[in-house]
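Comments concern the structure below.
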Amino acid sequence: MIPTEDLINQLAEGVQPVRRLRPPLVRASQWLLGVLLVAGAVILATGAVQRFAERSLTPGFDAEWAATVLTGICAVLAAFQLSLPDRSRHWLWLPLPPLLVWLGASGFGCYRSWLVEGADRSLQLGESAHCFLFILAVSVPLAIALTVPLRRSRPLEPRPVLWCAGLGVAALSAAILQFFHPFNITVMDLAVHLVAIALVVLLVGGLGRKALRRPAGLASHPG
Amino acid sequence: MNSTVSAPAQSAAEAALQVGLRWGLLMSQAQGGDAPAYRRLLIELAPYLRAIARRYHRDPRDVEDSVQDVLLTLHVVRHTYDPARPFKPWLVTLARRRIADRLRTQWRTCAREAQLNESQYETFAEERTNPSEEPPEERLLQSAIEQLPAAQRQAVRLLKMQEMSLQEAAQISGQSVSSLKVATHRAMKSLRRLLAADRSEP
């Protein structure tokens with residue numbers, strides 16, 4: 001334990017110029033723009049737009065997809081806000097309304113497909129395993145790409161940051177999935193999507209703490 | 001209800017606002033690498049942080065530990081302060097979270113450890129056998145550290161006496177990890193030499 005005055009002198013002697021963080025809204029927008037460019041290029045290159053246009057004729061699909069994207073955007077913005085010490089913790093609630101709309105709309109879509117196609121078709125596993133892998137495979141690079149800017153904030157409380165980051169990444173993956181999902185969502189699909197999204201949120205929330213480099217505290221004084 | 005604010009209260013509020021503005025300004029200069037501004041800021045912050053820490057700790061050593069903890073954390077996250085926003089909320093949130101961390105660790109430790117009182121762990125109960133001043137070895141070590149070149153002295157203080165990790169020490173000192181390793185190695189060698197010389201003297 002050294003005297004506080006000495007610590008102050010040491011800190012002041014070694015002070016280096018630092019690059020300030022830009023406002024969280026700007027940082028979140030830049031990150032989302034990057035995702036839009038990459039995902040947009042892949043979607044255009046694979047010709048997935050055509051399939052998406054066909055699917056968007058299904059009633060309720062537009063609202064559901066918009067809510068998915070909005071959940072992703074809100075959760076990513078919330079993660080950037082929460083990573084700073086002087087922002088309100090209530091940012092955590094920002095993704096909740098679009099999340100509820102998204103879940104409600106996909107639930108409604110399932111119910112409709114149940115009525116139209118019958119229970120037998122709806123409960124088959126079918127393509128669901130493919131969706132599950134798709135959400136995980138897209139989430140991993142997105143999560144890594146989101147950790148890089150969030151690390152720069154050195155959040156003192158990484159947990160809420162990571163929950164939001166995980167939700168944002170999972171929602172964006174689910175939104176991208178819709179371009180490669182050539183059929184209407186069934187009950188089984190919804191269940192599989194939810195499990196995949198929950199898994200991504202849990203993985204990011206659980207594994208990301210080390211990655212965010214939380215500033216360490218001093219050891220306690222002896223005795 | 002009295003809607004008018006009394007003159008002293010108003011001037012106190014204005015003074016607090018002035019202080020916050022000055023700290024914000026000093027911090028933005030410190031972000032540009034201005035060492036004197038940074039030193040002034042930290043010196044002014046120490047008593048303010050001490051007052052916050054006293055609300056949570058009874059032991060004065062804990063208070064001082066918390067103040068140093070907050071200062072170190074502030075140093076590491078100083079790039080997250082936005083000069084367009086008020087400084088005090090940034091500082092106070094940071095301080096409260098750091099103090100809460102320390103309290104949490106203490107509670108965890110308390111659950112595992114039993115407190116000893118002074119007489120229980122002394123070998124001899126007599127006051128004379130337990131001099132309260134620093135033992136001579138510690139004084140010798142301190143004076144030997146004082147004799148080291150500045151970079152080595154800083155490396156020893158950060159890495160050995162404050163038990164920081166190489167990364168943290170590199171952040172604070174502005175030296176690279178490898179130069180810190182070299183400085184510590186050299187410091188240890190010179191300390192061994194200095195202390196051996198001290199011992200051989202009568």
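Residue numbering restarts at 1 in every chain; chains get A, B, ... in the order shown in the structure tokens, and ligands count up from 1 in that same order.
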Review point. When the cut-off is 9 Å and we count only C-alpha atoms, which residues of chain A are near chain B, given as a ChimeraX atom specification?
Key: /A:1-5,7-23,84-87,152-157,215-221,223
**Study point:** Atom-to-atom span, atom CA of Ile135 of chain A and atom CA of Phe80 of chain A, Å
**Key:**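 The value is 22.3 Å.
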Hey, which bits of segment 100-191 of chain A sit within 12 Å of segment 46-50 of chain A, and for each residue what's the closest pair of atoms and how far apart in Å (one decimal), counting only C-alpha atoms, rows by chain and increasing number, as a tab-separated table?
```
residue	atom	partner	partner_atom	distance
A:Ile176	CA	A:Ala48	CA	10.1
A:Leu177	CA	A:Ala48	CA	10.2
A:Gln178	CA	A:Ala48	CA	9.3
A:Phe179	CA	A:Ala48	CA	5.6
A:Phe180	CA	A:Ala48	CA	6.4
A:His181	CA	A:Ala48	CA	9.2
A:Pro182	CA	A:Ala48	CA	9.3
```
Using the selection just defined, write its residues with N, CA and C atoms as a PDB file, in the first residue's frame.
```
ATOM      1  N   ILE A 176     -31.421 -12.106 -40.590  1.00  0.00           N
ATOM      2  CA  ILE A 176     -30.715 -12.521 -41.809  1.00  0.00           C
ATOM      3  C   ILE A 176     -31.228 -13.891 -42.260  1.00  0.00           C
ATOM      4  N   LEU A 177     -31.536 -14.744 -41.267  1.00  0.00           N
ATOM      5  CA  LEU A 177     -32.040 -16.093 -41.574  1.00  0.00           C
ATOM      6  C   LEU A 177     -33.279 -16.040 -42.465  1.00  0.00           C
ATOM      7  N   GLN A 178     -34.109 -15.016 -42.266  1.00  0.00           N
ATOM      8  CA  GLN A 178     -35.366 -14.938 -43.022  1.00  0.00           C
ATOM      9  C   GLN A 178     -35.139 -14.885 -44.537  1.00  0.00           C
ATOM     10  N   PHE A 179     -33.927 -14.433 -44.938  1.00  0.00           N
ATOM     11  CA  PHE A 179     -33.633 -14.408 -46.380  1.00  0.00           C
ATOM     12  C   PHE A 179     -33.357 -15.812 -46.912  1.00  0.00           C
ATOM     13  N   PHE A 180     -32.987 -16.709 -45.999  1.00  0.00           N
ATOM     14  CA  PHE A 180     -32.597 -18.049 -46.435  1.00  0.00           C
ATOM     15  C   PHE A 180     -33.585 -19.106 -45.942  1.00  0.00           C
ATOM     16  N   HIS A 181     -34.784 -18.679 -45.637  1.00  0.00           N
ATOM     17  CA  HIS A 181     -35.788 -19.531 -44.994  1.00  0.00           C
ATOM     18  C   HIS A 181     -36.960 -19.613 -45.957  1.00  0.00           C
ATOM     19  N   PRO A 182     -36.955 -20.565 -46.866  1.00  0.00           N
ATOM     20  CA  PRO A 182     -37.883 -20.492 -47.991  1.00  0.00           C
ATOM     21  C   PRO A 182     -39.298 -20.949 -47.659  1.00  0.00           C
TER      22      PRO A 182
END
```
**Study point:** Sel. of helix (DSSP H, G or I) residues, chain A, as a ChimeraX atom specification
**Key:** /A:4-13,24-46,48-55,61-82,89-93,96-117,119-122,128-152,158-180,187-211
Review point. Could you work out how far atom CA of Leu194 of chain A lies from atom CA of Leu103 of chain A, giving the answer in Å with one decimal?
Key: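 If I compute the distance from atom CA of Leu103 of chain A to atom CA of Leu194 of chain A, I get 8.9 Å.
Using only C-alpha atoms for every distance, the candidate list B:Val177, B:Arg55, B:Ala187, B:Leu195 yields B:Leu195 as the residue closest to Glu137 of chain B.
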**Study point:** atom CA of Gly168 of chain A to atom CA of Leu199 of chain A, straight-line distance in Å
**Key:**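 Answer for the atom CA of Leu199 of chain A to atom CA of Gly168 of chain A separation: 12.9 Å.
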Point to revise | Shell around Val156 of chain B at 12 Å using only C-alpha atoms, local window under 3 positions removed, as a VMD selection string | key: (chain A and resid 2) or (chain B and resid 141 to 142 144 to 146 148 to 153 159 to 166 169 173 180 to 191)
